[in-house]
Structures are given as C-alpha cells and as structure tokens.
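Next comes protein-v2.cif, with mmCIF, C-alpha atoms.
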data_work
loop_
_atom_site.label_atom_id
_atom_site.label_comp_id
_atom_site.auth_asym_id
_atom_site.auth_seq_id
_atom_site.Cartn_x
_atom_site.Cartn_y
_atom_site.Cartn_z
CA LEU N 1 -17.15 -13.40 -14.23
CA SER N 2 -20.71 -13.35 -15.41
CA LEU N 3 -21.33 -11.49 -18.68
CA PRO N 4 -24.91 -10.79 -19.80
CA GLU N 5 -24.26 -11.75 -23.43
CA LYS N 6 -21.96 -14.74 -22.77
CA GLY N 7 -22.97 -16.11 -19.40
CA LYS N 8 -20.24 -17.31 -17.06
CA VAL N 9 -16.64 -16.92 -18.24
CA SER N 10 -13.37 -17.38 -16.40
CA LEU N 11 -10.64 -14.80 -16.14
CA LEU N 12 -7.27 -16.47 -16.68
CA VAL N 13 -4.41 -14.58 -15.04
CA GLU N 14 -0.83 -15.68 -15.63
CA ALA N 15 1.28 -13.30 -13.54
CA GLY N 16 3.88 -11.51 -15.61
CA VAL N 17 2.55 -12.91 -18.88
CA ARG N 18 -1.12 -12.40 -19.71
CA PHE N 19 -4.73 -12.14 -18.65
CA HIS N 20 -7.84 -12.86 -20.68
CA THR N 21 -11.31 -14.34 -20.45
CA THR N 22 -11.91 -17.95 -21.44
CA GLN N 23 -14.77 -20.39 -21.48
CA TYR N 24 -12.37 -23.31 -21.01
CA VAL N 25 -13.03 -24.89 -17.63
CA ARG N 26 -9.90 -26.27 -16.09
CA GLN N 27 -9.82 -28.77 -13.29
CA MET N 28 -9.55 -27.05 -9.92
CA PRO N 29 -7.18 -28.35 -7.26
CA ASP N 30 -8.70 -30.13 -4.27
CA PHE N 31 -7.33 -27.45 -1.96
CA PRO N 32 -7.01 -23.90 -3.33
CA SER N 33 -4.03 -21.78 -2.30
CA GLY N 34 -4.35 -19.28 0.53
CA PHE N 35 -4.10 -16.48 -2.03
CA ALA N 36 -6.97 -17.91 -4.10
CA MET N 37 -9.14 -18.31 -1.00
CA LYS N 38 -8.46 -14.71 0.06
CA LEU N 39 -9.37 -13.47 -3.43
CA ARG N 40 -12.63 -15.41 -3.39
CA LYS N 41 -13.48 -14.14 0.07
CA HIS N 42 -13.11 -10.50 -0.92
CA ILE N 43 -14.44 -10.37 -4.49
CA ARG N 44 -17.03 -13.16 -4.68
CA GLY N 45 -20.43 -11.70 -5.48
CA LYS N 46 -19.06 -8.21 -6.16
CA ARG N 47 -19.56 -6.45 -9.46
CA LEU N 48 -16.53 -5.65 -11.61
CA ASN N 49 -16.87 -1.88 -11.94
CA GLU N 50 -13.68 -0.78 -13.62
CA ILE N 51 -10.61 -2.00 -15.43
CA SER N 52 -7.80 0.52 -15.73
CA GLN N 53 -4.10 0.76 -16.47
CA ILE N 54 -1.84 2.26 -13.82
CA GLY N 55 0.23 4.98 -15.45
CA TYR N 56 1.98 3.77 -18.59
CA ASP N 57 3.18 0.57 -16.94
CA ARG N 58 2.13 -2.99 -17.68
CA VAL N 59 -0.03 -2.91 -14.57
CA ILE N 60 -3.79 -3.45 -14.76
CA MET N 61 -6.25 -2.76 -11.93
CA PHE N 62 -9.64 -4.43 -11.60
CA THR N 63 -12.03 -2.70 -9.18
CA PHE N 64 -14.76 -4.83 -7.59
CA GLY N 65 -17.50 -3.24 -5.49
CA PHE N 66 -18.13 0.41 -4.61
CA LYS N 67 -16.58 3.08 -2.39
CA GLU N 68 -15.43 1.80 1.02
CA LYS N 69 -16.57 -1.76 0.18
CA ALA N 70 -14.40 -1.86 -2.96
CA ASN N 71 -11.51 -4.23 -3.50
CA HIS N 72 -8.84 -3.91 -6.14
CA VAL N 73 -7.02 -6.73 -7.89
CA ILE N 74 -3.80 -5.39 -9.38
CA ILE N 75 -2.06 -7.49 -12.02
CA GLU N 76 1.59 -6.72 -12.78
CA LEU N 77 2.62 -7.96 -16.21
CA TYR N 78 6.37 -7.42 -16.07
CA ALA N 79 9.33 -9.50 -14.87
CA SER N 80 7.95 -12.44 -12.86
CA GLY N 81 4.70 -10.58 -12.46
CA ASN N 82 2.46 -10.34 -9.47
CA VAL N 83 -1.18 -10.31 -8.43
CA VAL N 84 -2.11 -8.06 -5.52
CA LEU N 85 -5.41 -7.80 -3.62
CA THR N 86 -6.10 -4.49 -1.86
CA ASP N 87 -8.95 -2.89 0.04
CA ALA N 88 -10.64 0.39 -0.96
CA ASN N 89 -7.71 2.40 0.48
CA PHE N 90 -5.14 0.30 -1.41
CA SER N 91 -3.82 -1.43 1.71
CA ILE N 92 -2.51 -4.80 0.57
CA LEU N 93 -4.61 -7.69 1.90
CA SER N 94 -2.91 -10.49 -0.01
CA VAL N 95 -0.11 -10.80 -2.53
CA LEU N 96 1.15 -13.58 -4.75
CA ARG N 97 4.81 -12.49 -4.32
CA THR N 98 6.25 -9.95 -1.89
CA HIS N 99 8.67 -7.48 -3.40
CA VAL N 100 10.83 -4.55 -2.27
CA PHE N 101 11.86 -1.87 -4.78
CA ASP N 102 15.55 -1.05 -4.37
CA ASP N 103 15.43 2.27 -6.20
CA VAL N 104 12.35 3.77 -4.47
CA ALA N 105 12.32 4.54 -0.74
CA ASP N 106 9.59 2.81 1.28
CA ALA N 107 8.19 1.06 -1.80
CA ARG N 108 7.30 -2.53 -1.08
CA VAL N 109 4.60 -4.94 -2.12
CA ALA N 110 3.75 -6.86 1.03
CA VAL N 111 0.68 -7.56 3.17
CA GLY N 112 -0.14 -4.55 5.35
CA SER N 113 1.62 -2.02 3.10
CA LYS N 114 -0.03 0.50 0.80
CA TYR N 115 0.31 -0.39 -2.86
CA PRO N 116 3.32 1.65 -4.17
CA PHE N 117 1.76 3.69 -6.98
CA ASN N 118 4.85 5.94 -6.90
CA THR N 119 6.78 3.22 -8.76
CA ALA N 120 4.50 3.46 -11.81
CA THR N 121 5.66 5.17 -14.98
CA THR N 122 3.48 8.26 -15.22
CA GLU N 123 5.32 10.32 -17.78
CA LEU N 124 6.58 9.33 -21.19
CA GLN N 125 9.83 10.88 -22.30
CA PRO N 126 10.28 11.81 -25.95
CA CYS N 127 12.80 9.70 -27.80
CA SER N 128 14.24 9.70 -31.27
CA SER N 129 14.45 6.78 -33.67
CA ALA N 130 18.19 6.71 -32.88
CA ASP N 131 17.35 6.16 -29.18
CA VAL N 132 15.02 3.29 -30.08
CA LEU N 133 17.65 1.75 -32.36
CA LYS N 134 20.30 2.06 -29.64
CA SER N 135 17.98 0.33 -27.14
CA ILE N 136 17.27 -2.51 -29.56
CA GLU N 137 20.98 -2.97 -30.25
CA LYS N 138 21.71 -3.02 -26.50
CA ALA N 139 18.95 -5.60 -25.92
CA LEU N 140 20.35 -7.77 -28.72
CA GLU N 141 23.85 -7.54 -27.25
CA ASP N 142 22.56 -8.55 -23.82
CA SER N 143 20.57 -11.37 -25.39
CA LYS N 144 23.66 -12.68 -27.22
CA GLU N 145 25.65 -12.60 -23.98
CA ARG N 146 23.01 -14.75 -22.31
CA ARG N 147 22.81 -17.30 -25.11
CA ILE N 148 22.81 -20.87 -24.01
CA SER N 149 24.66 -23.52 -25.95
CA GLU N 150 22.56 -25.87 -28.07
CA ALA N 151 23.42 -28.86 -25.85
CA GLU N 152 22.30 -27.04 -22.70
CA THR N 153 19.09 -25.93 -24.38
CA LYS N 154 18.10 -29.52 -25.15
CA ARG N 155 18.53 -30.48 -21.50
CA MET N 156 16.44 -27.60 -20.22
CA SER N 157 12.77 -27.98 -19.43
CA LYS N 158 10.15 -26.42 -21.70
CA LYS N 159 9.67 -23.54 -19.26
CA LYS N 160 13.30 -22.51 -19.51
CA THR N 161 13.81 -21.33 -23.06
CA LYS N 162 16.66 -19.70 -24.86
CA PRO N 163 16.73 -15.90 -24.34
CA THR N 164 15.32 -13.88 -27.22
CA LEU N 165 14.82 -10.25 -28.05
CA LYS N 166 11.35 -10.49 -26.47
CA THR N 167 12.75 -11.74 -23.18
CA ALA N 168 15.45 -9.07 -23.25
CA PHE N 169 12.76 -6.39 -23.42
CA THR N 170 10.32 -7.95 -20.99
CA ARG N 171 12.91 -8.59 -18.28
CA GLY N 172 13.04 -4.85 -17.70
CA GLY N 173 16.34 -3.35 -16.75
CA ASN N 174 17.77 -0.25 -18.33
CA HIS N 175 16.82 -0.88 -21.96
CA PHE N 176 13.72 1.28 -21.96
CA GLN N 177 14.08 3.42 -18.86
CA MET N 178 14.54 6.40 -21.15
CA PHE N 179 10.86 6.06 -22.14
CA GLY N 180 9.41 6.70 -18.70
CA LYS N 181 10.06 8.06 -15.26
#
Re-express the file's structure as structure tokens.
Amino acid sequence: LSLPEKGKVSLLVEAGVRFHTTQYVRQMPDFPSGFAMKLRKHIRGKRLNEISQIGYDRVIMFTFGFKEKANHVIIELYASGNVVLTDANFSILSVLRTHVFDDVADARVAVGSKYPFNTATTELQPCSSADVLKSIEKALEDSKERRISEAETKRMSKKKTKPTLKTAFTRGGNHFQMFGK
C-alpha cells in the first residue's frame, strides 16, 4: 500500500488472527504461492477504495478498483481464518482455504462460487447479563475439558498452546450464537 503521509507500507494479513499495516520489510520467498501471485495480478496498481466489515462478523472486505473492474479481498478472522479474492460480482477467483458450510444450503467458499454473504451475522440479538455469564461459564467448562497435561504442553511446539478462555471464544461453536443470526 502507498500512503501519501507515510509512503509505502505493507499490509500484514494473518488469516484468522489479525491484519495491520507495518513498515517492517520481511524477506520474500524465492517463489511466491499461487494465491499470492493471483492477488498481485488482480490488485497490483489498483487503488484501495473501501474497507468495510461484513455484517457483525469478524470479516473485513477490502475493495480495490472501481465498478466492473473492482476486486475484493475478503479476510475472515475467525476459526482458522481465510483470505478470499473475488471479482466485482463477488465470484471467487482465488481462496486460501476452501470451505463448505454445513448449516447453510449451497454456501461454500471455493473458486468459481459466489462469496456466501448469507452466512454473515446481520442481526444482533438482545441478551441479558445472565446470558453472557452463562456463555462465559460454558466456555470455561469447555476449556477445562480440553486442558492438556503439563507434560504434554512442554512437548508441544510453540504454535500449539494450551487452550484458554480466548481460544474457547475464538473457536466459534455455540457459545455466542445467541448474539447473532
């Protein structure tokens, strides 16, 4: 990205975790992935026109270009996450991970499909403090059930950490389905 006040900055995207700008320049691989090459092909030289959130979900959409020449990069920040490249009509051109939604008919994230906006949370449901407390207690129970013994934890790699309340909430599931439909 090129910002008038800062010059060139990089957009770091870690699917399922975070996205932010950085001026840190990391070493690029000798051969970029097919997904990275497809992204470059479609958004290089285009202006970033809009950044928006899809519904109330942890899904962010970047729009590059205008009208029928536009491309959208959709970043999903839940579960394992995903990065999806679409054309102006939201037909998927490239995807980091294909996915099929079990609970929604004809909803899949795969090349050639339309991006499934019908899976986004578009309506917040009112909830009481008792509902929130019950959800937190349920998440803690689930987290305790998934605890890993101290000996196993030491053998695990740094990427595989002991489950916490944060991971219980970010893994999705039924804990917070009462908040949105």
(request) List the residues matched by the PyMOL selection byres ((chain N and resi 45) around 12) in the displayed structure as a list in words, ordered by chain and then by residue number. (result) Leu1, Ser2, Leu39, Arg40, Lys41, His42, Ile43, Arg44, Lys46, Arg47, Leu48, Phe64, Gly65, Ala70 and Asn71 of chain N
Return as a PDB file with C-alpha atoms, keeping the file's coordinate frame the set of residues that the PyMOL selection byres ((chain N and resi 78) around 9) yields on the displayed structure.
ATOM      1  CA  ALA N  15       1.280 -13.300 -13.540  1.00  0.00           C
ATOM      2  CA  GLY N  16       3.880 -11.510 -15.610  1.00  0.00           C
ATOM      3  CA  VAL N  17       2.550 -12.910 -18.880  1.00  0.00           C
ATOM      4  CA  ASP N  57       3.180   0.570 -16.940  1.00  0.00           C
ATOM      5  CA  ARG N  58       2.130  -2.990 -17.680  1.00  0.00           C
ATOM      6  CA  VAL N  59      -0.030  -2.910 -14.570  1.00  0.00           C
ATOM      7  CA  GLU N  76       1.590  -6.720 -12.780  1.00  0.00           C
ATOM      8  CA  LEU N  77       2.620  -7.960 -16.210  1.00  0.00           C
ATOM      9  CA  ALA N  79       9.330  -9.500 -14.870  1.00  0.00           C
ATOM     10  CA  SER N  80       7.950 -12.440 -12.860  1.00  0.00           C
ATOM     11  CA  GLY N  81       4.700 -10.580 -12.460  1.00  0.00           C
ATOM     12  CA  ASN N  82       2.460 -10.340  -9.470  1.00  0.00           C
ATOM     13  CA  THR N 170      10.320  -7.950 -20.990  1.00  0.00           C
ATOM     14  CA  ARG N 171      12.910  -8.590 -18.280  1.00  0.00           C
ATOM     15  CA  GLY N 172      13.040  -4.850 -17.700  1.00  0.00           C
TER      16      GLY N 172
END
(message) Using Å and a single decimal, report how far atom CA of N:Gly7 sits from atom CA of N:His20.
(response) 15.5 Å
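The two atoms in question, atom CA of N:Val111 and atom CA of N:Tyr56, are spaced 24.6 Å apart.
Straight-line separation from atom CA of N:Val25 to atom CA of N:Ser10: 7.6 Å.
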(request) Apply the PyMOL selection byres ((chain N and resi 50) around 7) to the displayed file and report the matching residues as number ranges by chain. (result) N: 48-49, 51-52, 62-63
(message) So, with all atoms listed in the file as the atoms that count, which of N:Pro116, N:Val84, N:Phe90, N:Arg108 lies closest to N:Lys69?
(response) N:Phe90
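Considering the residues N:Gln23, N:Ser129, N:Gln53, N:Ser113 and counting only C-alpha atoms, N:Lys8 has its shortest atom-to-atom contact with N:Gln23.
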